[in-house]
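Enquirer: So here's protein-v8.txt (compact mmCIF, C-alpha atoms).
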```txt
# COMPACT_ATOMS: atom_id res chain seq x y z
CA MET A 29 3.76 -50.65 5.27
CA LEU A 30 6.20 -53.52 4.59
CA THR A 31 7.57 -51.76 1.52
CA THR A 32 8.14 -48.57 3.47
CA ALA A 33 9.94 -50.48 6.23
CA LEU A 34 12.22 -52.19 3.69
CA ILE A 35 13.09 -48.82 2.09
CA MET A 36 13.92 -47.28 5.45
CA ALA A 37 16.05 -50.30 6.37
CA GLY A 38 17.94 -50.01 3.09
CA LEU A 39 18.61 -46.32 3.65
CA ALA A 40 19.87 -47.06 7.13
CA LEU A 41 22.14 -49.83 5.80
CA TYR A 42 23.92 -47.43 3.47
CA ASN A 43 23.82 -44.53 5.98
CA VAL A 44 21.59 -42.47 3.70
CA PRO A 45 19.33 -40.20 5.77
CA PRO A 46 15.67 -40.17 4.68
CA GLN A 47 14.72 -37.08 2.70
CA ARG A 48 12.62 -34.59 4.59
CA ARG A 49 11.05 -31.38 3.35
CA HIS A 50 12.68 -28.63 5.33
CA PHE A 51 12.97 -24.89 5.50
CA ARG A 52 16.38 -23.59 4.55
CA ASN A 53 18.09 -21.44 7.15
CA ARG A 54 16.29 -23.12 10.03
CA ASP A 55 17.97 -20.82 12.51
CA GLY A 56 16.46 -17.70 10.98
CA PHE A 57 18.75 -15.79 8.62
CA SER A 58 21.50 -17.22 6.49
CA LEU A 59 24.91 -15.65 6.85
CA ASP A 60 25.37 -16.43 3.17
CA PHE A 61 22.96 -13.62 2.28
CA SER A 62 23.97 -9.98 2.43
CA ASP A 63 21.37 -7.26 2.99
CA GLU A 64 21.38 -6.63 -0.75
CA GLU A 65 20.66 -10.30 -1.45
CA LEU A 66 17.95 -10.38 1.20
CA ARG A 67 16.30 -7.33 -0.36
CA ALA A 68 16.39 -8.99 -3.77
CA ARG A 69 14.54 -12.00 -2.37
CA TYR A 70 12.37 -10.51 0.36
CA ARG A 71 12.43 -6.73 -0.31
CA PHE A 72 13.77 -6.04 3.19
CA SER A 73 17.14 -6.07 4.93
CA ARG A 74 18.02 -8.34 7.83
CA HIS A 75 17.24 -5.62 10.40
CA SER A 76 13.91 -4.78 8.79
CA ILE A 77 12.85 -8.43 8.71
CA MET A 78 13.61 -8.62 12.43
CA VAL A 79 11.53 -5.49 13.05
CA ILE A 80 8.58 -6.91 11.08
CA SER A 81 8.93 -10.22 12.94
CA ASP A 82 8.75 -8.43 16.28
CA LEU A 83 5.60 -6.61 15.16
CA VAL A 84 3.73 -9.85 14.49
CA ARG A 85 5.45 -12.11 17.02
CA ASP A 86 2.57 -12.27 19.48
CA ASP A 87 0.20 -13.41 16.73
CA LEU A 88 2.53 -15.92 15.05
CA GLN A 89 4.38 -17.51 17.93
CA ARG A 90 3.54 -21.20 17.76
CA GLY A 91 2.70 -22.98 21.00
CA THR A 92 4.22 -26.26 19.83
CA ARG A 93 7.25 -28.39 20.62
CA ARG A 94 7.54 -29.89 17.15
CA ASN A 95 11.15 -30.03 15.96
CA HIS A 96 10.32 -28.54 12.59
CA ALA A 97 7.83 -25.82 13.50
CA LEU A 98 8.55 -22.58 11.65
CA THR A 99 9.89 -19.69 13.66
CA VAL A 100 8.25 -16.26 13.43
CA GLU A 101 11.16 -15.02 11.32
CA GLN A 102 10.73 -17.91 8.91
CA GLN A 103 6.99 -17.28 8.61
CA VAL A 104 7.68 -13.64 7.82
CA MET A 105 10.28 -14.60 5.22
CA VAL A 106 7.90 -17.08 3.56
CA THR A 107 5.24 -14.37 3.34
CA LEU A 108 7.64 -11.72 2.06
CA ARG A 109 8.92 -14.15 -0.56
CA PHE A 110 5.38 -14.79 -1.79
CA LEU A 111 4.51 -11.08 -1.87
CA ALA A 112 7.79 -10.06 -3.48
CA SER A 113 7.87 -12.73 -6.18
CA GLY A 114 4.20 -13.00 -7.07
CA SER A 115 4.82 -16.70 -7.71
CA PHE A 116 2.37 -19.54 -7.15
CA LEU A 117 2.22 -20.88 -3.62
CA GLN A 118 3.56 -24.19 -4.94
CA VAL A 119 6.59 -22.48 -6.48
CA VAL A 120 7.33 -20.58 -3.28
CA GLY A 121 6.99 -23.82 -1.33
CA ASP A 122 9.34 -25.71 -3.65
CA THR A 123 11.88 -22.89 -3.37
CA LEU A 124 11.82 -22.91 0.43
CA GLY A 125 11.29 -26.64 0.97
CA LEU A 126 7.69 -26.41 2.19
CA ASP A 127 4.46 -27.87 0.92
CA LYS A 128 1.83 -25.67 -0.66
CA GLY A 129 -0.59 -25.99 2.27
CA THR A 130 2.01 -24.76 4.74
CA VAL A 131 2.86 -21.75 2.58
CA SER A 132 -0.83 -20.90 2.19
CA ARG A 133 -1.44 -21.07 5.94
CA VAL A 134 1.66 -19.04 6.76
CA VAL A 135 0.78 -16.30 4.25
CA GLN A 136 -2.77 -16.13 5.57
CA ASP A 137 -1.69 -15.89 9.20
CA THR A 138 1.11 -13.38 8.60
CA THR A 139 -0.88 -11.02 6.40
CA ALA A 140 -3.75 -11.10 8.91
CA ALA A 141 -1.31 -10.25 11.70
CA LEU A 142 0.09 -7.35 9.68
CA CYS A 143 -3.40 -5.99 8.99
CA LYS A 144 -3.97 -5.71 12.73
CA ARG A 145 -1.26 -3.02 12.65
CA GLN A 146 -2.98 -0.96 9.96
CA ASN A 147 -3.75 1.97 12.25
CA GLU A 148 -0.14 2.09 13.40
CA PHE A 149 1.34 2.51 9.94
CA ILE A 150 -1.40 4.00 7.75
CA LYS A 151 -2.53 7.14 9.54
CA TRP A 152 -4.36 10.26 8.43
CA PRO A 153 -2.53 13.46 9.44
CA ARG A 154 -4.28 14.98 12.45
CA ARG A 155 -1.87 17.45 13.98
CA ASP A 156 -1.11 20.81 12.39
CA ALA A 157 2.59 20.01 12.28
CA GLU A 158 1.92 16.85 10.29
CA LYS A 159 -0.37 18.66 7.88
CA ASN A 160 2.06 21.54 7.36
CA LYS A 161 4.89 19.13 6.65
CA ILE A 162 2.84 17.34 3.99
CA LYS A 163 1.67 20.64 2.47
CA ALA A 164 5.23 21.92 2.22
CA GLY A 165 6.42 18.69 0.62
CA ASN A 166 3.67 18.76 -1.99
CA TYR A 167 4.33 22.41 -2.73
CA ARG A 168 7.99 21.61 -3.41
CA ILE A 169 6.94 18.90 -5.86
CA GLY A 170 4.53 20.83 -8.03
CA GLY A 171 3.94 24.32 -6.66
CA PHE A 172 0.32 23.63 -5.70
CA PRO A 173 -0.68 25.13 -2.33
CA ASN A 174 -2.30 23.51 0.71
CA VAL A 175 -2.30 19.91 -0.55
CA ILE A 176 -2.39 17.22 2.17
CA GLY A 177 -2.66 14.32 -0.23
CA ALA A 178 -3.07 13.01 -3.75
CA ILE A 179 -5.85 10.49 -4.31
CA ASP A 180 -6.36 7.89 -7.02
CA GLY A 181 -7.47 4.33 -7.65
CA THR A 182 -5.61 1.37 -9.06
CA HIS A 183 -6.84 -2.07 -10.06
CA ILE A 184 -5.27 -5.23 -8.62
CA ARG A 185 -6.06 -8.30 -10.71
CA ILE A 186 -7.66 -11.29 -8.95
CA GLN A 187 -8.93 -14.65 -10.13
CA ALA A 188 -12.59 -14.83 -11.10
CA PRO A 189 -14.65 -15.30 -7.92
CA THR A 190 -17.36 -17.93 -7.75
CA THR A 191 -19.96 -15.57 -6.29
CA ASP A 192 -20.99 -12.14 -7.58
CA GLU A 193 -18.49 -12.57 -10.38
CA ALA A 194 -19.81 -9.72 -12.54
CA SER A 195 -19.18 -7.11 -9.82
CA TYR A 196 -15.44 -7.72 -10.05
CA VAL A 197 -15.12 -7.16 -13.79
CA ASN A 198 -13.63 -3.69 -14.31
CA ARG A 199 -13.91 -1.41 -17.31
CA LYS A 200 -10.91 -3.11 -18.94
CA GLY A 201 -12.64 -6.45 -18.81
CA TYR A 202 -10.69 -8.35 -16.15
CA HIS A 203 -11.49 -9.23 -12.53
CA SER A 204 -9.98 -6.91 -9.95
CA ILE A 205 -10.13 -5.09 -6.65
CA ASN A 206 -10.38 -1.32 -7.10
CA VAL A 207 -7.97 0.07 -4.52
CA GLN A 208 -8.32 3.73 -3.56
CA ALA A 209 -5.41 5.37 -1.78
CA VAL A 210 -4.19 8.75 -0.58
CA CYS A 211 -0.48 9.41 -0.18
CA ASP A 212 1.68 12.27 1.06
CA ALA A 213 4.58 13.94 -0.70
CA ASP A 214 6.96 11.14 0.28
CA GLY A 215 4.76 8.43 -1.20
CA LYS A 216 3.57 7.15 2.16
CA PHE A 217 -0.01 5.92 2.25
CA THR A 218 -2.13 7.97 4.65
CA ASN A 219 -5.36 6.22 3.76
CA ILE A 220 -6.22 3.16 1.70
CA ASN A 221 -9.38 1.21 0.93
CA THR A 222 -8.96 -2.32 -0.44
CA SER A 223 -12.51 -3.64 -0.14
CA TRP A 224 -14.25 -2.54 -3.37
CA PRO A 225 -14.84 -4.77 -6.43
CA GLY A 226 -13.44 -3.83 -9.80
CA ASN A 227 -16.61 -2.32 -11.28
CA ALA A 228 -16.95 0.27 -8.50
CA HIS A 229 -16.34 3.85 -9.69
CA ASP A 230 -13.61 5.93 -8.08
CA ALA A 231 -16.04 8.74 -7.27
CA HIS A 232 -18.41 6.35 -5.48
CA ILE A 233 -15.60 4.80 -3.46
CA PHE A 234 -14.47 8.25 -2.36
CA ARG A 235 -17.99 9.47 -1.58
CA THR A 236 -18.54 6.56 0.83
CA SER A 237 -15.05 6.68 2.36
CA GLN A 238 -13.99 7.77 5.83
CA VAL A 239 -11.72 10.38 4.25
CA CYS A 240 -14.65 12.06 2.50
CA THR A 241 -16.73 11.99 5.68
CA HIS A 242 -13.87 13.50 7.68
CA MET A 243 -13.21 16.28 5.19
CA GLU A 244 -16.89 17.12 4.89
CA ARG A 245 -16.94 17.70 8.66
CA THR A 246 -13.93 20.02 8.56
CA PRO A 247 -14.49 22.14 5.42
CA ASN A 248 -11.88 24.84 5.92
CA TRP A 249 -8.69 25.87 4.20
CA GLU A 250 -6.41 24.97 7.10
CA SER A 251 -7.57 21.35 6.94
CA GLY A 252 -6.02 21.09 3.49
CA ILE A 253 -7.23 19.77 0.17
CA LEU A 254 -6.80 16.63 -1.92
CA LEU A 255 -5.87 16.48 -5.58
CA GLY A 256 -7.75 14.01 -7.77
CA ASP A 257 -8.10 13.36 -11.46
CA SER A 258 -11.20 14.02 -13.56
CA GLY A 259 -12.82 10.84 -12.27
CA TYR A 260 -13.61 12.63 -9.02
CA PRO A 261 -16.09 15.46 -8.42
CA CYS A 262 -14.65 18.92 -7.83
CA ARG A 263 -15.54 19.85 -4.25
CA PRO A 264 -14.16 22.37 -1.73
CA PHE A 265 -11.77 19.76 -0.34
CA ILE A 266 -10.83 17.91 -3.54
CA MET A 267 -9.52 19.78 -6.55
CA THR A 268 -9.75 18.30 -10.03
CA PRO A 269 -8.31 19.71 -13.28
CA TYR A 270 -10.27 21.91 -15.66
CA ALA A 271 -11.75 19.65 -18.32
CA ARG A 272 -11.42 22.39 -20.98
CA PRO A 273 -9.11 25.21 -19.83
CA ALA A 274 -10.49 28.54 -21.02
CA ASN A 275 -7.34 30.61 -20.59
CA GLU A 276 -3.65 30.46 -19.72
CA ASP A 277 -4.33 30.72 -15.97
CA GLN A 278 -6.47 27.59 -16.03
CA THR A 279 -3.86 25.83 -18.17
CA ARG A 280 -1.23 26.76 -15.60
CA PHE A 281 -3.50 25.47 -12.83
CA ASN A 282 -3.80 22.12 -14.63
CA ARG A 283 -0.05 21.92 -15.14
CA HIS A 284 0.76 22.45 -11.45
CA HIS A 285 -2.13 20.17 -10.47
CA ALA A 286 -0.78 17.31 -12.62
CA ARG A 287 2.79 17.82 -11.42
CA THR A 288 1.73 17.62 -7.78
CA ARG A 289 -0.86 14.87 -8.14
CA CYS A 290 1.42 12.47 -10.01
CA VAL A 291 3.05 11.47 -6.70
CA ILE A 292 0.21 8.98 -6.17
CA GLU A 293 0.82 7.40 -9.58
CA ARG A 294 4.54 7.10 -8.84
CA THR A 295 3.69 5.59 -5.47
CA PHE A 296 1.46 2.95 -7.04
CA GLY A 297 4.32 2.11 -9.43
CA ARG A 298 6.86 1.76 -6.61
CA TRP A 299 4.38 -0.27 -4.55
CA LYS A 300 3.73 -2.76 -7.34
CA ARG A 301 7.40 -3.06 -8.24
CA ARG A 302 8.24 -3.85 -4.63
CA PHE A 303 5.51 -6.48 -4.34
CA HIS A 304 5.08 -8.36 -7.61
CA VAL A 305 2.01 -10.15 -6.28
CA LEU A 306 0.19 -6.88 -7.03
CA HIS A 307 1.30 -7.08 -10.67
CA SER A 308 0.17 -10.64 -11.21
CA GLU A 309 -3.21 -12.23 -10.60
CA ILE A 310 -3.88 -12.90 -6.91
CA LYS A 311 -5.30 -16.42 -6.92
CA LYS A 312 -7.39 -16.02 -3.80
CA LYS A 313 -11.00 -15.32 -2.96
CA PRO A 314 -11.75 -11.57 -2.94
CA GLU A 315 -11.83 -11.28 0.87
CA LYS A 316 -8.40 -12.92 1.17
CA ALA A 317 -7.02 -10.89 -1.73
CA CYS A 318 -8.09 -7.70 0.07
CA ILE A 319 -6.08 -8.75 3.13
CA ILE A 320 -3.00 -9.41 1.00
CA ILE A 321 -3.32 -6.00 -0.67
CA MET A 322 -3.68 -4.24 2.69
CA ALA A 323 -0.67 -6.10 4.07
CA CYS A 324 1.37 -4.92 1.07
CA ALA A 325 0.33 -1.32 1.78
CA ILE A 326 1.40 -1.62 5.42
CA LEU A 327 4.71 -3.16 4.37
CA HIS A 328 5.20 -0.34 1.85
CA ASN A 329 4.95 2.21 4.65
CA ILE A 330 7.22 0.13 6.86
CA ALA A 331 9.77 0.05 4.03
CA LEU A 332 9.69 3.85 3.85
CA TRP A 333 9.97 4.08 7.62
CA MET A 334 12.97 1.76 7.72
CA ASN A 335 14.89 2.61 4.58
CA GLU A 336 14.10 6.04 3.18
CA PRO A 337 16.42 8.99 3.90
CA GLU A 338 15.47 11.45 6.58
CA LEU A 339 12.73 13.89 5.59
CA LEU A 340 13.48 17.58 5.17
CA GLU A 341 12.61 19.89 8.00
CA ASP A 342 9.12 21.35 8.08
CA GLN A 343 8.65 24.29 5.77
CA GLU A 344 5.43 26.04 6.50
CA GLU A 345 3.95 27.80 3.50
CA GLU A 346 2.13 31.05 4.04
CA MET A 347 -1.46 30.44 3.01
CA PRO A 348 -4.17 33.03 2.41
CA ASN A 349 -7.29 32.98 4.54
CA VAL A 350 -9.97 31.61 2.27
CA ASP A 351 -12.21 30.08 4.93
CA ALA A 352 -14.94 32.52 3.96
CA LEU A 353 -15.29 30.73 0.65
CA TYR A 354 -16.42 27.53 2.31
CA ASN A 355 -19.45 28.34 4.44
CA GLY A 356 -20.61 24.77 4.06
CA ALA A 357 -20.81 25.13 0.27
CA ASN A 358 -20.40 22.07 -1.94
CA ASP A 359 -19.35 23.97 -5.04
CA GLY A 360 -15.67 23.08 -5.43
CA ARG A 361 -15.47 24.91 -8.73
CA ARG A 362 -15.63 28.28 -6.95
CA ILE A 363 -12.71 27.25 -4.75
CA ARG A 364 -10.81 26.06 -7.81
CA ASP A 365 -11.33 29.39 -9.57
CA HIS A 366 -10.16 31.24 -6.47
CA ILE A 367 -6.98 29.16 -6.24
CA THR A 368 -6.34 29.81 -9.92
CA GLN A 369 -6.64 33.55 -9.41
CA MET A 370 -4.51 33.56 -6.25
CA TYR A 371 -1.65 31.35 -7.40
CA PHE A 372 -1.61 30.83 -11.14
CA THR A 373 -2.37 34.26 -12.62
CA ASN A 374 0.52 36.26 -14.02
```
Let's see the structure in the file written out as C-alpha cells.
Expert:
Amino acid sequence: MLTTALIMAGLALYNVPPQRRHFRNRDGFSLDFSDEELRARYRFSRHSIMVISDLVRDDLQRGTRRNHALTVEQQVMVTLRFLASGSFLQVVGDTLGLDKGTVSRVVQDTTAALCKRQNEFIKWPRRDAEKNKIKAGNYRIGGFPNVIGAIDGTHIRIQAPTTDEASYVNRKGYHSINVQAVCDADGKFTNINTSWPGNAHDAHIFRTSQVCTHMERTPNWESGILLGDSGYPCRPFIMTPYARPANEDQTRFNRHHARTRCVIERTFGRWKRRFHVLHSEIKKKPEKACIIIMACAILHNIALWMNEPELLEDQEEEMPNVDALYNGANDGRRIRDHITQMYFTN
C-alpha cells in the first residue's frame, strides 16, 4: 500500500496521469474511421452498427453510473471485432484497451441478445409471394424449377470439450459443430440449426429438423422443394442428384441441380469470410459456441438486409400441376424422374 501511494504521489508531482485501461472512442464511433474502415474492422458501416445496437439495446443497457461503463454501441463493436477477426479474447481486449474478462462477458451478453432476435431475421417463407420470389430467383440461377431453398451442412471447428468429447469429432478428425442451413437465392438463411455435434450425419440432422417436419406436413408441389447433395435421402420435397446418371436427361438434371444448389456453398463461403471466428477454432464450450454461430448467422442476414442491392421484382414461374404424384408417398425418386422428364428432356 505504501509503495502504491509513493508511486501515485510521484506521478502527481510530475503531472503524469495514472495509466488506465480504457475503450477507445468512448463516445461511440470515431470520426477518424470512414464506413470503409469500419467495415474492415467490424464488417458493418456506422449506420448498420447503430441499427444493430438499437436491436439489442434493451438487453445490453447497463443500469450503472460508473464513469467507464461500456455503452451499448461499444459492446456491439467489441463483439463484432471478435467475430470479424477470429482473434483470441486477449488480443481483442489488448486492441480495444479492455481486459480479457470484460471482452468475454460482453461477447457472451451481446451474442445472447442477438439470438433472441433469431425469429425476426431467420424466417422460413410462409406466404405464396415469398415462396414464388425465392423459386424465381433459384430458377434464374440454375434453371431448376420450384426450388425454395438449397440445404447443406458445414463444420465449424471448436476446442475439444471436456464432456462427451468423442461426439464432437467429425469425419475429418477434428472437433466441430455440424451446422445445417437452408438459404434462398440471395444467400439469406431461411433456416439454420447450430446445435449438433460434429459426428452427426447431415441426413439425421435433417430428418429431426423442424424444416423436415414442416415439409412432411405439406407434401405438395406448390410448397416447393429443397435441393440437397447425395448425403441426403431423395424424398418428394428434397431432390438429390442421380448417383449414376443413366442417360443424357439425368446428366442434364444433375447439371442444373448442381448449378442451383451451389448457392448454399457460396453462402457458407461468404458467411465465413465475413466472420473469421467461423474459420478459426472457437475456444468456447459447445453450448456457447453454438450461440456464437447462431449470432453470426443472424448478423449475416442483417448484413444482407442493410447492404445488399434491391432484389429483382417477383417473377412467377409457370409450374405444372404434379400434386397427384405426392399422395403422401415417400418415394422421392419418382418425383425426381418426373422432373427430369418435364424439364430436362430434349
Enquirer: Quick one: residues within 9 Å of range 71-75 of chain A, only C-alpha atoms, excluding same-chain residues fewer than 6 positions away - as a list in words?
Expert: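 These residues fall inside the cut-off: Phe57, Ser62, Asp63, Glu64, Glu65, Leu108, Arg109, Ala112, Arg302, Phe303, Ala331, Met334 and Asn335 of chain A.
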Enquirer: So how many Å separate CA of Asn174 in chain A and CA of Ala231 in chain A, to one decimal?
Expert: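 Value for the CA of Asn174 in chain A-CA of Ala231 in chain A distance: 21.7 Å.
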Enquirer: Ranking A:Ala188, A:Ile233, A:Ile363, A:Ile176 by minimum distance to Thr218 in chain A and counting only C-alpha atoms, which one comes first?
Expert: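 Ranking A:Ala188, A:Ile233, A:Ile363, A:Ile176 by distance to Thr218 in chain A, first place goes to A:Ile176.
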Enquirer: How far is it from CA of Gly259 in chain A to CA of Ile320 in chain A, in Å with one decimal?
Expert: 26.1 Å
Enquirer: Rank nothing, just name the residue among A:Ala178, A:Cys290, A:Ala323, A:Val207 nearest to Gly252 in chain A, using all atoms listed in the file.
Expert: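 Of the candidates, the smallest distance to Gly252 in chain A is held by A:Ala178.
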Enquirer: Mind listing as an MDAnalysis selection string all residues within 8 Å of (3.3, -28.7, -3.1), counting all atoms listed in the file?
Expert: chainID A and resid 117:119 121:122 126:129
Enquirer: With distances taken over only C-alpha atoms, which residue among A:Phe281, A:Phe217, A:Tyr270, A:Phe172 lies nearest Glu293 in chain A?
Expert: A:Phe217
Enquirer: Could you check which of A:Arg145, A:His203, A:His285, A:Lys300 is closest to Thr268 in chain A, using all atoms listed in the file?
Expert: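 Going through A:Arg145, A:His203, A:His285, A:Lys300 one by one, the smallest distance to Thr268 in chain A is for A:His285.
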Enquirer: Tell me which protein, DNA and RNA residues are within 8 Å of Lys216 in chain A, counting all atoms listed in the file, leaving out same-chain ones fewer than 6 positions away, and put them as a ChimeraX atom specification.
Expert: /A:295,328-329,332
